[in-house]
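Structure file work.cif (mmCIF, C-alpha atoms) follows.
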```cif
data_data
loop_
_atom_site.group_PDB
_atom_site.id
_atom_site.type_symbol
_atom_site.label_atom_id
_atom_site.label_comp_id
_atom_site.auth_asym_id
_atom_site.auth_seq_id
_atom_site.Cartn_x
_atom_site.Cartn_y
_atom_site.Cartn_z
ATOM 1 C CA MET A 119 -29.769 -38.595 147.098
ATOM 2 C CA ARG A 120 -29.584 -38.012 150.844
ATOM 3 C CA PHE A 121 -26.233 -36.858 152.220
ATOM 4 C CA ALA A 122 -24.891 -36.248 155.715
ATOM 5 C CA ILE A 123 -21.776 -34.104 155.927
ATOM 6 C CA LEU A 124 -19.710 -35.154 158.932
ATOM 7 C CA GLY A 125 -17.309 -32.270 159.367
ATOM 8 C CA SER A 126 -19.095 -29.260 157.884
ATOM 9 C CA GLY A 127 -16.157 -26.862 157.912
ATOM 10 C CA ALA A 128 -14.125 -25.460 155.045
ATOM 11 C CA VAL A 129 -14.068 -28.618 152.916
ATOM 12 C CA GLY A 130 -17.104 -30.643 153.956
ATOM 13 C CA GLY A 131 -19.271 -27.558 154.288
ATOM 14 C CA TYR A 132 -18.238 -26.315 150.854
ATOM 15 C CA PHE A 133 -19.066 -29.510 148.995
ATOM 16 C CA GLY A 134 -22.197 -30.037 151.059
ATOM 17 C CA ALA A 135 -23.328 -26.536 150.147
ATOM 18 C CA ARG A 136 -22.805 -27.231 146.448
ATOM 19 C CA LEU A 137 -24.827 -30.449 146.735
ATOM 20 C CA ALA A 138 -27.615 -28.676 148.616
ATOM 21 C CA ARG A 139 -27.657 -25.867 146.056
ATOM 22 C CA ALA A 140 -28.163 -28.497 143.341
ATOM 23 C CA GLY A 141 -31.245 -29.804 145.100
ATOM 24 C CA GLN A 142 -29.817 -32.775 146.983
ATOM 25 C CA ASP A 143 -31.073 -33.614 150.493
ATOM 26 C CA VAL A 144 -28.143 -32.527 152.686
ATOM 27 C CA THR A 145 -27.800 -32.439 156.465
ATOM 28 C CA PHE A 146 -24.768 -30.725 157.959
ATOM 29 C CA ILE A 147 -23.322 -32.264 161.106
ATOM 30 C CA ALA A 148 -21.876 -29.322 163.007
ATOM 31 C CA ARG A 149 -21.517 -27.951 166.513
ATOM 32 C CA GLY A 150 -21.839 -24.745 168.461
ATOM 33 C CA ALA A 151 -21.866 -21.377 166.754
ATOM 34 C CA HIS A 152 -21.351 -22.864 163.282
ATOM 35 C CA ARG A 153 -24.397 -25.122 163.661
ATOM 36 C CA ASP A 154 -26.465 -22.243 165.026
ATOM 37 C CA ALA A 155 -25.446 -19.932 162.175
ATOM 38 C CA ILE A 156 -26.420 -22.518 159.550
ATOM 39 C CA ARG A 157 -29.778 -22.984 161.237
ATOM 40 C CA GLU A 158 -30.497 -19.285 161.554
ATOM 41 C CA HIS A 159 -29.013 -17.783 158.403
ATOM 42 C CA GLY A 160 -28.052 -20.695 156.160
ATOM 43 C CA LEU A 161 -24.564 -21.650 155.012
ATOM 44 C CA GLU A 162 -22.944 -18.940 152.891
ATOM 45 C CA VAL A 163 -20.221 -19.568 150.319
ATOM 46 C CA ARG A 164 -18.291 -16.617 148.920
ATOM 47 C CA SER A 165 -16.109 -16.876 145.826
ATOM 48 C CA ALA A 166 -14.753 -13.936 143.863
ATOM 49 C CA THR A 167 -14.475 -16.078 140.732
ATOM 50 C CA LEU A 168 -17.375 -18.538 140.971
ATOM 51 C CA GLY A 169 -19.958 -16.350 142.668
ATOM 52 C CA ASP A 170 -21.571 -16.184 146.093
ATOM 53 C CA PHE A 171 -24.543 -18.210 147.287
ATOM 54 C CA VAL A 172 -26.400 -19.251 150.427
ATOM 55 C CA VAL A 173 -28.068 -22.601 151.070
ATOM 56 C CA ARG A 174 -30.677 -23.501 153.638
ATOM 57 C CA ALA A 175 -30.314 -27.007 155.004
ATOM 58 C CA PRO A 176 -30.680 -28.802 158.343
ATOM 59 C CA ALA A 177 -27.748 -28.681 160.769
ATOM 60 C CA GLU A 178 -27.501 -31.150 163.648
ATOM 61 C CA SER A 179 -24.907 -32.010 166.264
ATOM 62 C CA ASP A 180 -26.654 -35.277 167.223
ATOM 63 C CA THR A 181 -26.685 -37.844 164.395
ATOM 64 C CA THR A 182 -29.478 -39.815 166.045
ATOM 65 C CA ARG A 183 -31.738 -36.891 165.058
ATOM 66 C CA VAL A 184 -30.818 -37.413 161.399
ATOM 67 C CA GLY A 185 -31.304 -41.124 160.799
ATOM 68 C CA PRO A 186 -30.128 -43.219 157.852
ATOM 69 C CA VAL A 187 -28.814 -41.474 154.733
ATOM 70 C CA ASP A 188 -27.522 -42.684 151.373
ATOM 71 C CA VAL A 189 -24.018 -41.202 151.661
ATOM 72 C CA VAL A 190 -22.004 -39.987 154.626
ATOM 73 C CA ILE A 191 -19.195 -37.659 153.561
ATOM 74 C CA VAL A 192 -16.466 -37.518 156.201
ATOM 75 C CA ALA A 193 -14.359 -34.348 156.209
ATOM 76 C CA VAL A 194 -13.235 -34.003 159.830
ATOM 77 C CA LYS A 195 -9.599 -33.571 160.793
ATOM 78 C CA ALA A 196 -7.987 -36.975 161.279
ATOM 79 C CA TYR A 197 -7.227 -36.306 164.947
ATOM 80 C CA ASP A 198 -10.999 -36.215 165.571
ATOM 81 C CA ASN A 199 -11.615 -39.653 164.099
ATOM 82 C CA ASP A 200 -12.418 -41.449 167.354
ATOM 83 C CA THR A 201 -15.134 -38.978 168.281
ATOM 84 C CA ALA A 202 -16.474 -38.445 164.763
ATOM 85 C CA PHE A 203 -16.552 -42.079 163.668
ATOM 86 C CA ALA A 204 -18.606 -42.985 166.746
ATOM 87 C CA MET A 205 -21.351 -40.737 165.319
ATOM 88 C CA ILE A 206 -21.632 -42.628 162.029
ATOM 89 C CA PRO A 207 -23.609 -45.790 162.984
ATOM 90 C CA ALA A 208 -26.746 -43.700 163.598
ATOM 91 C CA LEU A 209 -26.569 -42.572 159.959
ATOM 92 C CA LEU A 210 -26.359 -46.060 158.465
ATOM 93 C CA GLY A 211 -29.101 -47.830 156.566
ATOM 94 C CA PRO A 212 -28.795 -51.129 154.687
ATOM 95 C CA ASP A 213 -27.079 -49.544 151.658
ATOM 96 C CA THR A 214 -25.394 -46.484 153.146
ATOM 97 C CA VAL A 215 -21.854 -45.811 151.954
ATOM 98 C CA VAL A 216 -19.286 -43.696 153.771
ATOM 99 C CA LEU A 217 -16.899 -41.571 151.700
ATOM 100 C CA THR A 218 -13.884 -40.128 153.468
ATOM 101 C CA LEU A 219 -12.229 -37.066 151.924
ATOM 102 C CA GLN A 220 -9.722 -36.658 154.760
ATOM 103 C CA ASN A 221 -5.995 -36.060 154.509
ATOM 104 C CA GLY A 222 -3.809 -39.116 154.919
ATOM 105 C CA VAL A 223 -3.905 -42.818 154.071
ATOM 106 C CA ASP A 224 -4.925 -44.339 157.412
ATOM 107 C CA ASN A 225 -8.489 -43.012 157.559
ATOM 108 C CA VAL A 226 -10.040 -45.619 155.272
ATOM 109 C CA HIS A 227 -8.747 -48.422 157.493
ATOM 110 C CA GLN A 228 -9.833 -46.713 160.699
ATOM 111 C CA LEU A 229 -13.254 -46.121 159.166
ATOM 112 C CA ALA A 230 -13.577 -49.714 158.004
ATOM 113 C CA ALA A 231 -12.930 -50.889 161.567
ATOM 114 C CA VAL A 232 -16.102 -49.017 162.584
ATOM 115 C CA VAL A 233 -18.502 -49.525 159.667
ATOM 116 C CA GLY A 234 -17.008 -52.468 157.747
ATOM 117 C CA GLU A 235 -14.950 -52.454 154.566
ATOM 118 C CA ALA A 236 -17.972 -52.956 152.305
ATOM 119 C CA ARG A 237 -19.375 -49.504 153.122
ATOM 120 C CA VAL A 238 -16.162 -47.507 152.715
ATOM 121 C CA LEU A 239 -15.170 -45.375 149.744
ATOM 122 C CA GLY A 240 -11.933 -43.396 149.683
ATOM 123 C CA GLY A 241 -11.288 -40.067 148.090
ATOM 124 C CA THR A 242 -9.326 -36.896 148.108
ATOM 125 C CA THR A 243 -10.069 -33.323 147.206
ATOM 126 C CA TYR A 244 -8.305 -30.255 145.882
ATOM 127 C CA VAL A 245 -10.003 -27.021 146.925
ATOM 128 C CA ALA A 246 -8.901 -23.780 148.574
ATOM 129 C CA THR A 247 -11.518 -22.826 151.146
ATOM 130 C CA ALA A 248 -11.563 -21.439 154.666
ATOM 131 C CA LEU A 249 -14.206 -21.215 157.360
ATOM 132 C CA GLU A 250 -13.967 -17.477 157.911
ATOM 133 C CA ALA A 251 -16.771 -17.227 160.473
ATOM 134 C CA PRO A 252 -19.650 -19.389 161.717
ATOM 135 C CA GLY A 253 -21.818 -20.120 158.701
ATOM 136 C CA LEU A 254 -19.380 -18.526 156.223
ATOM 137 C CA ILE A 255 -17.009 -20.354 153.864
ATOM 138 C CA VAL A 256 -14.698 -18.350 151.579
ATOM 139 C CA GLN A 257 -13.200 -19.939 148.482
ATOM 140 C CA THR A 258 -10.054 -18.727 146.736
ATOM 141 C CA GLY A 259 -9.312 -19.969 143.246
ATOM 142 C CA VAL A 260 -11.564 -22.171 141.148
ATOM 143 C CA HIS A 261 -10.490 -25.730 141.988
ATOM 144 C CA ARG A 262 -13.322 -27.809 143.468
ATOM 145 C CA SER A 263 -12.348 -31.364 142.637
ATOM 146 C CA ILE A 264 -13.091 -34.691 144.261
ATOM 147 C CA ILE A 265 -11.379 -37.909 143.148
ATOM 148 C CA PHE A 266 -12.804 -41.044 144.720
ATOM 149 C CA GLY A 267 -13.579 -44.725 144.324
ATOM 150 C CA GLU A 268 -13.427 -48.150 145.899
ATOM 151 C CA VAL A 269 -10.658 -48.895 148.388
ATOM 152 C CA PHE A 270 -11.401 -52.476 149.369
ATOM 153 C CA GLY A 271 -12.597 -55.559 147.525
ATOM 154 C CA ALA A 272 -12.376 -55.781 143.754
ATOM 155 C CA ARG A 273 -11.393 -52.096 143.342
ATOM 156 C CA SER A 274 -13.256 -51.367 140.148
ATOM 157 C CA LEU A 275 -15.586 -48.645 138.930
ATOM 158 C CA THR A 276 -18.769 -49.788 140.660
ATOM 159 C CA PRO A 277 -22.341 -48.609 140.005
ATOM 160 C CA ARG A 278 -22.514 -46.925 143.418
ATOM 161 C CA VAL A 279 -19.377 -44.888 142.726
ATOM 162 C CA GLN A 280 -20.726 -43.830 139.336
ATOM 163 C CA ALA A 281 -24.119 -42.895 140.818
ATOM 164 C CA ILE A 282 -22.538 -40.641 143.451
ATOM 165 C CA ALA A 283 -20.199 -39.115 140.853
ATOM 166 C CA ASP A 284 -23.148 -38.326 138.587
ATOM 167 C CA VAL A 285 -24.896 -36.492 141.431
ATOM 168 C CA MET A 286 -21.737 -34.556 142.299
ATOM 169 C CA ALA A 287 -21.312 -33.503 138.685
ATOM 170 C CA THR A 288 -24.764 -31.896 138.703
ATOM 171 C CA ALA A 289 -23.570 -29.784 141.649
ATOM 172 C CA ASP A 290 -20.700 -28.269 139.628
ATOM 173 C CA ILE A 291 -18.136 -30.379 141.469
ATOM 174 C CA GLN A 292 -15.158 -31.398 139.339
ATOM 175 C CA VAL A 293 -15.474 -35.108 140.034
ATOM 176 C CA THR A 294 -13.242 -37.939 138.851
ATOM 177 C CA THR A 295 -13.805 -41.619 139.545
ATOM 178 C CA ALA A 296 -10.888 -43.924 140.289
ATOM 179 C CA PRO A 297 -11.097 -47.720 139.909
ATOM 180 C CA ASP A 298 -8.538 -48.022 142.716
ATOM 181 C CA ALA A 299 -8.890 -45.089 145.103
ATOM 182 C CA ARG A 300 -5.582 -45.897 146.740
ATOM 183 C CA THR A 301 -3.833 -44.262 143.790
ATOM 184 C CA PRO A 302 -5.276 -40.738 144.265
ATOM 185 C CA LEU A 303 -4.930 -41.102 148.049
ATOM 186 C CA TRP A 304 -1.224 -41.826 147.746
ATOM 187 C CA ASP A 305 -0.742 -39.328 144.910
ATOM 188 C CA LYS A 306 -1.847 -36.610 147.314
ATOM 189 C CA PHE A 307 0.120 -38.135 150.188
ATOM 190 C CA VAL A 308 3.328 -37.928 148.115
ATOM 191 C CA TYR A 309 2.756 -34.185 147.838
ATOM 192 C CA LEU A 310 1.099 -33.345 151.140
ATOM 193 C CA VAL A 311 3.578 -34.983 153.519
ATOM 194 C CA PRO A 312 6.516 -32.834 152.322
ATOM 195 C CA PHE A 313 4.397 -29.737 151.592
ATOM 196 C CA SER A 314 2.813 -29.613 155.042
ATOM 197 C CA GLY A 315 6.067 -30.723 156.614
ATOM 198 C CA PHE A 316 8.317 -28.075 155.071
ATOM 199 C CA THR A 317 5.884 -25.171 155.391
ATOM 200 C CA GLY A 318 5.031 -26.242 158.939
ATOM 201 C CA ALA A 319 8.616 -26.726 160.068
ATOM 202 C CA ALA A 320 9.653 -23.380 158.538
ATOM 203 C CA ARG A 321 6.457 -21.625 159.768
ATOM 204 C CA LEU A 322 6.354 -19.944 156.350
ATOM 205 C CA PRO A 323 4.254 -19.949 153.171
ATOM 206 C CA ILE A 324 5.811 -21.971 150.381
ATOM 207 C CA GLY A 325 7.203 -19.005 148.429
ATOM 208 C CA TYR A 326 9.612 -17.981 151.180
ATOM 209 C CA ILE A 327 11.327 -21.360 151.177
ATOM 210 C CA TRP A 328 10.833 -22.563 147.587
ATOM 211 C CA LYS A 329 13.251 -19.946 146.258
ATOM 212 C CA HIS A 330 16.132 -21.864 147.869
ATOM 213 C CA PRO A 331 17.469 -24.675 145.618
ATOM 214 C CA HIS A 332 18.419 -26.859 148.587
ATOM 215 C CA VAL A 333 14.869 -26.733 149.913
ATOM 216 C CA ARG A 334 13.486 -27.775 146.529
ATOM 217 C CA GLU A 335 15.986 -30.637 146.367
ATOM 218 C CA MET A 336 15.024 -31.873 149.842
ATOM 219 C CA PHE A 337 11.313 -31.453 149.114
ATOM 220 C CA TYR A 338 11.448 -33.741 146.092
ATOM 221 C CA ALA A 339 13.665 -36.186 147.969
ATOM 222 C CA ALA A 340 11.032 -36.349 150.710
ATOM 223 C CA ALA A 341 8.339 -36.928 148.081
ATOM 224 C CA ARG A 342 10.406 -39.810 146.692
ATOM 225 C CA GLU A 343 10.597 -41.280 150.189
ATOM 226 C CA VAL A 344 6.802 -41.308 150.372
ATOM 227 C CA ALA A 345 6.559 -42.795 146.875
ATOM 228 C CA ALA A 346 8.898 -45.597 147.982
ATOM 229 C CA ILE A 347 6.606 -46.295 150.938
ATOM 230 C CA ALA A 348 3.645 -46.523 148.544
ATOM 231 C CA ALA A 349 5.529 -49.065 146.441
ATOM 232 C CA ALA A 350 6.296 -51.101 149.545
ATOM 233 C CA GLU A 351 2.578 -51.000 150.384
ATOM 234 C CA GLY A 352 1.782 -52.434 146.962
ATOM 235 C CA VAL A 353 0.190 -49.191 145.762
ATOM 236 C CA THR A 354 0.903 -47.840 142.288
ATOM 237 C CA ILE A 355 0.954 -44.060 142.164
ATOM 238 C CA SER A 356 0.258 -42.259 138.891
ATOM 239 C CA PRO A 357 3.160 -42.793 136.464
ATOM 240 C CA ASN A 358 3.476 -39.055 135.808
ATOM 241 C CA ARG A 359 3.121 -38.083 139.454
ATOM 242 C CA PHE A 360 6.449 -36.283 139.709
ATOM 243 C CA GLU A 361 5.876 -34.395 136.469
ATOM 244 C CA THR A 362 2.525 -33.092 137.700
ATOM 245 C CA LEU A 363 4.017 -32.372 141.113
ATOM 246 C CA ASP A 364 6.807 -30.321 139.575
ATOM 247 C CA GLU A 365 4.336 -28.385 137.441
ATOM 248 C CA TYR A 366 2.140 -27.702 140.462
ATOM 249 C CA MET A 367 5.009 -26.580 142.678
ATOM 250 C CA THR A 368 6.435 -24.366 139.926
ATOM 251 C CA ASN A 369 3.147 -22.490 139.553
ATOM 252 C CA ILE A 370 1.831 -22.491 143.112
ATOM 253 C CA PRO A 371 1.131 -18.983 144.488
ATOM 254 C CA PRO A 372 4.016 -18.062 146.812
ATOM 255 C CA THR A 373 1.615 -17.089 149.604
ATOM 256 C CA THR A 374 0.145 -20.608 149.791
ATOM 257 C CA ARG A 375 0.103 -22.169 153.250
ATOM 258 C CA SER A 376 -0.640 -25.785 154.021
ATOM 259 C CA SER A 377 -3.649 -26.458 156.228
ATOM 260 C CA LEU A 378 -1.168 -27.738 158.801
ATOM 261 C CA LEU A 379 0.611 -24.374 158.799
ATOM 262 C CA ILE A 380 -2.707 -22.538 159.060
ATOM 263 C CA ASP A 381 -3.576 -24.607 162.131
ATOM 264 C CA LEU A 382 -0.124 -23.978 163.575
ATOM 265 C CA ASP A 383 -0.511 -20.236 163.100
ATOM 266 C CA GLN A 384 -3.860 -20.369 164.892
ATOM 267 C CA GLY A 385 -2.531 -22.445 167.784
ATOM 268 C CA LYS A 386 -4.739 -25.407 166.872
ATOM 269 C CA ARG A 387 -3.998 -29.105 166.833
ATOM 270 C CA ILE A 388 -2.226 -30.327 163.712
ATOM 271 C CA GLU A 389 -2.494 -33.476 161.608
ATOM 272 C CA VAL A 390 1.144 -34.471 162.064
ATOM 273 C CA GLU A 391 0.212 -38.039 163.021
ATOM 274 C CA ALA A 392 -2.023 -38.520 159.981
ATOM 275 C CA LEU A 393 0.681 -37.174 157.662
ATOM 276 C CA GLN A 394 4.333 -37.357 158.707
ATOM 277 C CA GLY A 395 3.646 -39.816 161.532
ATOM 278 C CA ALA A 396 1.759 -42.227 159.293
ATOM 279 C CA ALA A 397 4.548 -42.106 156.705
ATOM 280 C CA VAL A 398 7.239 -42.760 159.326
ATOM 281 C CA ARG A 399 5.352 -45.712 160.823
ATOM 282 C CA ARG A 400 4.720 -47.302 157.448
ATOM 283 C CA ALA A 401 8.330 -46.749 156.384
ATOM 284 C CA ALA A 402 9.540 -48.493 159.540
ATOM 285 C CA ALA A 403 7.156 -51.408 159.004
ATOM 286 C CA HIS A 404 8.527 -51.989 155.489
ATOM 287 C CA GLY A 405 12.167 -51.143 156.177
ATOM 288 C CA VAL A 406 12.051 -48.167 153.804
ATOM 289 C CA PRO A 407 14.508 -45.351 154.636
ATOM 290 C CA ALA A 408 12.743 -42.028 155.221
ATOM 291 C CA PRO A 409 15.283 -39.703 156.873
ATOM 292 C CA ILE A 410 13.808 -36.409 155.624
ATOM 293 C CA VAL A 411 10.205 -37.251 156.501
ATOM 294 C CA SER A 412 11.392 -38.570 159.873
ATOM 295 C CA THR A 413 13.129 -35.257 160.561
ATOM 296 C CA LEU A 414 10.005 -33.290 159.626
ATOM 297 C CA TYR A 415 7.981 -35.509 161.950
ATOM 298 C CA ALA A 416 10.391 -34.883 164.805
ATOM 299 C CA ALA A 417 10.307 -31.118 164.189
ATOM 300 C CA LEU A 418 6.494 -30.979 164.252
ATOM 301 C CA LYS A 419 5.577 -33.588 166.853
ATOM 302 C CA ALA A 420 5.786 -31.222 169.827
ATOM 303 C CA TRP A 421 3.113 -29.021 168.205
ATOM 304 C CA GLU A 422 0.632 -31.874 167.759
ATOM 305 C CA SER A 423 -1.787 -30.569 170.399
ATOM 306 C CA GLY A 424 -1.247 -26.882 169.711
ATOM 307 C CA ASN A 425 1.308 -24.479 171.115
ATOM 308 C CA PRO A 426 3.371 -26.518 173.618
ATOM 309 C CA ARG A 427 4.252 -23.293 175.425
ATOM 310 C CA GLY A 428 0.645 -22.138 175.578
#
```

As a first step, turn the structure in this file into structure tokens.
Amino acid sequence: MRFAILGSGAVGGYFGARLARAGQDVTFIARGAHRDAIREHGLEVRSATLGDFVVRAPAESDTTRVGPVDVVIVAVKAYDNDTAFAMIPALLGPDTVVLTLQNGVDNVHQLAAVVGEARVLGGTTYVATALEAPGLIVQTGVHRSIIFGEVFGARSLTPRVQAIADVMATADIQVTTAPDARTPLWDKFVYLVPFSGFTGAARLPIGYIWKHPHVREMFYAAAREVAAIAAAEGVTISPNRFETLDEYMTNIPPTTRSSLLIDLDQGKRIEVEALQGAAVRRAAAHGVPAPIVSTLYAALKAWESGNPRG
């Protein structure tokens, strides 16, 4: 199966590397020093628990040099959608599908506006990776899961979803198919909006704030706000979502930072609009109260484009 990885950083690069290692035809879409490093030395993945490896695969910054593929995996930050999505048409053949693994719930709709609903698959991922240097991805932990499926139309387990899942499984990716991909998208949104919001607003890893009972109370209240928005959208989240969320938060390493906090610490742009902003806008559209999420949005908005004092 031929893949193009649009956004070949910590997440897209990692899963693309696993696919390439398993013998799939993978092209990384990357720029600058990262592209050059992949071309010259390959893409290296380091993992203390799963082992290190290097893959050799094409890396291009111009998608017209790639041509049609079977699957485009989109893993760019949501604030780069306008630029990144404009690169996708050159990768499309008659049966190409586009799978977005991005944070947030708006990306599938923005993607469909470019390529059409029929091509779009939605998914989410749980993996702890970082792009440590050009051409080098470091993984902590062992999670490497992708949950994906149909977002539009009949929303059932289709042959194309199963075919892609089968290929991913051969690459040692912990893959789960979802008949309605909106459920895993919103399951993660329920967690990620408060997690990125609280760690980002506090400028601290989760352990420093989770020890305070009031913070935990407000965190779960914010998660319930997002769950209420999902219900208003007509989306059913997993029935045990708050049980699994509580288990996860109870056992999460105290040094864990959200990707939003990591970007904040590095002075980069942050995905506040794709996370807290999207939740606030959807809450307003449905008349759902979201005071905690709205406050987190207000606290982070000034940092959207990086350090406002920089």

Any idea what's packed within 7 Å of A:Pro186, counting all atoms listed in the file, ignoring anything in its chain fewer than 5 positions away? Could you give it as a PDB file with C-alpha atoms, in the coordinates of the input?
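Everything below was put into part.pdb:
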```
ATOM      1  CA  ALA A 208     -26.746 -43.700 163.598  1.00  0.00           C
ATOM      2  CA  LEU A 209     -26.569 -42.572 159.959  1.00  0.00           C
ATOM      3  CA  LEU A 210     -26.359 -46.060 158.465  1.00  0.00           C
ATOM      4  CA  GLY A 211     -29.101 -47.830 156.566  1.00  0.00           C
TER       5      GLY A 211
END
```

- [ ] Might you spell out which residues the PyMOL selection byres ((chain A and resi 337) around 10) would select in the displayed file, as a ChimeraX atom specification?
- [x] /A:309,311-313,315-316,328,331-336,338-343,410-411

Task: Option closest in space to A:Gly134, from A:Asp298, A:Asp290, A:Glu391, A:Asp381 [counting only C-alpha atoms] - done: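 Among A:Asp298, A:Asp290, A:Glu391, A:Asp381, it is A:Asp290 that comes nearest to A:Gly134.
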
Find the nearest atom pair between each residue of stretch 290-335 of chain A and stretch 266-280 of chain A for residues within 8 Å, count all atoms listed in the file, give distances in Å to one decimal, sort rows by chain and ascending number, and present the table as a tab-separated table.
```
residue	atom	partner	partner_atom	distance
A:Thr294	CA	A:Phe266	CA	6.7
A:Thr295	CA	A:Phe266	CA	5.3
A:Ala296	CA	A:Gly267	CA	4.9
A:Pro297	CA	A:Ser274	CA	4.2
A:Asp298	CA	A:Arg273	CA	5.0
A:Ala299	CA	A:Gly267	CA	4.8
A:Arg300	CA	A:Val269	CA	6.1
A:Pro302	CA	A:Phe266	CA	7.5
```

Task: Closest of A:Asn199, A:Tyr132, A:Ala396, A:Ala122 to A:Val216 - atom-to-atom distances counting only C-alpha atoms - done: A:Ala122

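Rounded to one decimal, atom CA of A:Gly127 and atom CA of A:Leu249 lie 6.0 Å from each other.
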
TODO: Would you mind telling me which residue in A:Ser263, A:Thr182, A:Thr242, A:Thr301 lies nearest to A:Arg359 when using only C-alpha atoms?
DONE: A:Thr301

TODO: Measure the distance from atom CA of A:His227 to atom CA of A:Val390 in Å and round it to one decimal.
DONE: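 Value for the atom CA of A:His227-atom CA of A:Val390 distance: 17.7 Å.
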
Open item on the list: Please compute the atom CA of A:Asp198-atom CA of A:Val184 distance, one decimal, in Å.
Closed with: 20.3 Å

TODO: Please provide as an MDAnalysis selection string all residues within 12 Å of stretch 155-165 of chain A, with the sequence filter that same-chain residues fewer than 2 positions apart are discarded (counting only C-alpha atoms).
DONE: chainID A and resid 126:136 138:139 144:153 167:179 245:262

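Minimum distance to A:Asn358 across A:Asp305, A:Ser423, A:Lys386, A:Met119 (counting all atoms listed in the file) occurs at A:Asp305.
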
TODO: Measuring atom to atom with all atoms listed in the file, identify which of A:Ala350, A:Val194, A:Ala204, A:Val344 is nearest to A:Asp180.
DONE: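 Looking only at the distances to A:Asp180, the closest residue turns out to be A:Ala204.
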
Kindly resolve the PyMOL selection byres ((chain A and resi 193) around 7) on the present coordinates and return the residues as a PDB file with C-alpha atoms, in the coordinates of the input.
```
ATOM      1  CA  LEU A 124     -19.710 -35.154 158.932  1.00  0.00           C
ATOM      2  CA  GLY A 125     -17.309 -32.270 159.367  1.00  0.00           C
ATOM      3  CA  VAL A 129     -14.068 -28.618 152.916  1.00  0.00           C
ATOM      4  CA  GLY A 130     -17.104 -30.643 153.956  1.00  0.00           C
ATOM      5  CA  ILE A 191     -19.195 -37.659 153.561  1.00  0.00           C
ATOM      6  CA  VAL A 192     -16.466 -37.518 156.201  1.00  0.00           C
ATOM      7  CA  VAL A 194     -13.235 -34.003 159.830  1.00  0.00           C
ATOM      8  CA  LYS A 195      -9.599 -33.571 160.793  1.00  0.00           C
ATOM      9  CA  THR A 218     -13.884 -40.128 153.468  1.00  0.00           C
ATOM     10  CA  LEU A 219     -12.229 -37.066 151.924  1.00  0.00           C
ATOM     11  CA  GLN A 220      -9.722 -36.658 154.760  1.00  0.00           C
TER      12      GLN A 220
END
```

TODO: Go through A:Thr413, A:Asn425, A:Thr181, A:Asn221 and flag the residue nearest A:Leu303, using all atoms listed in the file for the distances.
DONE: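 Closest residue, counting all atoms listed in the file: A:Asn221.
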
With 6 Å of padding per side, what axis-aligned box (centre and edge lengths, Å, one decimal) covers all the listed atoms of stretch 197-210 of chain A? Give it as AutoDock Vina command-line options.
```
--center_x -17.0 --center_y -41.1 --center_z 163.4 --size_x 31.5 --size_y 21.8 --size_z 21.8
```

TODO: Please identify all polymer residues within 12 Å of A:Ala320, counting all atoms listed in the file, omitting same-chain residues fewer than 3 positions from it, and present them as a ChimeraX atom specification.
DONE: /A:312-317,323-328,333,375-376,378-379,382-383,414,417-418

Can you tell me which residues surround A:Ile264 at a distance of at most 7 Å, considering only C-alpha atoms, apart from same-chain residues fewer than 6 positions away, and format the answer as a short mmCIF file (atom, residue, chain, number, x, y, z; two decimals) with C-alpha atoms, in the frame of the given file?
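Writing done, so here's out24.cif:
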```
data_model
loop_
_atom_site.label_atom_id
_atom_site.label_comp_id
_atom_site.auth_asym_id
_atom_site.auth_seq_id
_atom_site.Cartn_x
_atom_site.Cartn_y
_atom_site.Cartn_z
CA GLY A 241 -11.29 -40.07 148.09
CA THR A 242 -9.33 -36.90 148.11
CA THR A 243 -10.07 -33.32 147.21
CA TYR A 244 -8.30 -30.26 145.88
CA GLN A 292 -15.16 -31.40 139.34
CA VAL A 293 -15.47 -35.11 140.03
CA THR A 294 -13.24 -37.94 138.85
#
```

TODO: Starting from the point (10.3, -47.9, 151.4), work out which residues of protein, DNA or RNA have an atom no more than 10 Å away when counting all atoms listed in the file; state them as a VMD selection string.
DONE: chain A and resid 342 to 351 397 to 398 400 to 408

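Every protein, DNA or RNA residue with an atom at most 12 Å from A:Ala230, where all atoms listed in the file count and chain neighbours fewer than 5 positions away do not, is listed here: Asn199, Phe203, Ile206, Pro207, Val215, Val216, Leu217, Thr218, Asp224, Asn225, Glu235, Ala236, Arg237, Val238, Leu239, Gly240, Val269 and Phe270 of chain A.
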
Where atoms are lacking, stretch 392-398 of chain A completed to N, CA and C atoms, as a short mmCIF file (atom, residue, chain, number, x, y, z; two decimals), in the frame of the given file:
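Saved the output as result.cif:
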```
data_model
loop_
_atom_site.label_atom_id
_atom_site.label_comp_id
_atom_site.auth_asym_id
_atom_site.auth_seq_id
_atom_site.Cartn_x
_atom_site.Cartn_y
_atom_site.Cartn_z
N ALA A 392 -1.38 -37.99 161.19
CA ALA A 392 -2.02 -38.52 159.98
C ALA A 392 -1.14 -38.36 158.75
N LEU A 393 -0.17 -37.45 158.81
CA LEU A 393 0.68 -37.17 157.66
C LEU A 393 2.09 -37.71 157.90
N GLN A 394 2.95 -36.92 158.52
CA GLN A 394 4.33 -37.36 158.71
C GLN A 394 4.41 -38.61 159.59
N GLY A 395 3.61 -38.66 160.64
CA GLY A 395 3.65 -39.82 161.53
C GLY A 395 3.26 -41.10 160.83
N ALA A 396 2.20 -41.04 160.03
CA ALA A 396 1.76 -42.23 159.29
C ALA A 396 2.83 -42.69 158.31
N ALA A 397 3.48 -41.74 157.64
CA ALA A 397 4.55 -42.11 156.71
C ALA A 397 5.71 -42.76 157.42
N VAL A 398 6.11 -42.20 158.56
CA VAL A 398 7.24 -42.76 159.33
C VAL A 398 6.92 -44.17 159.81
#
```
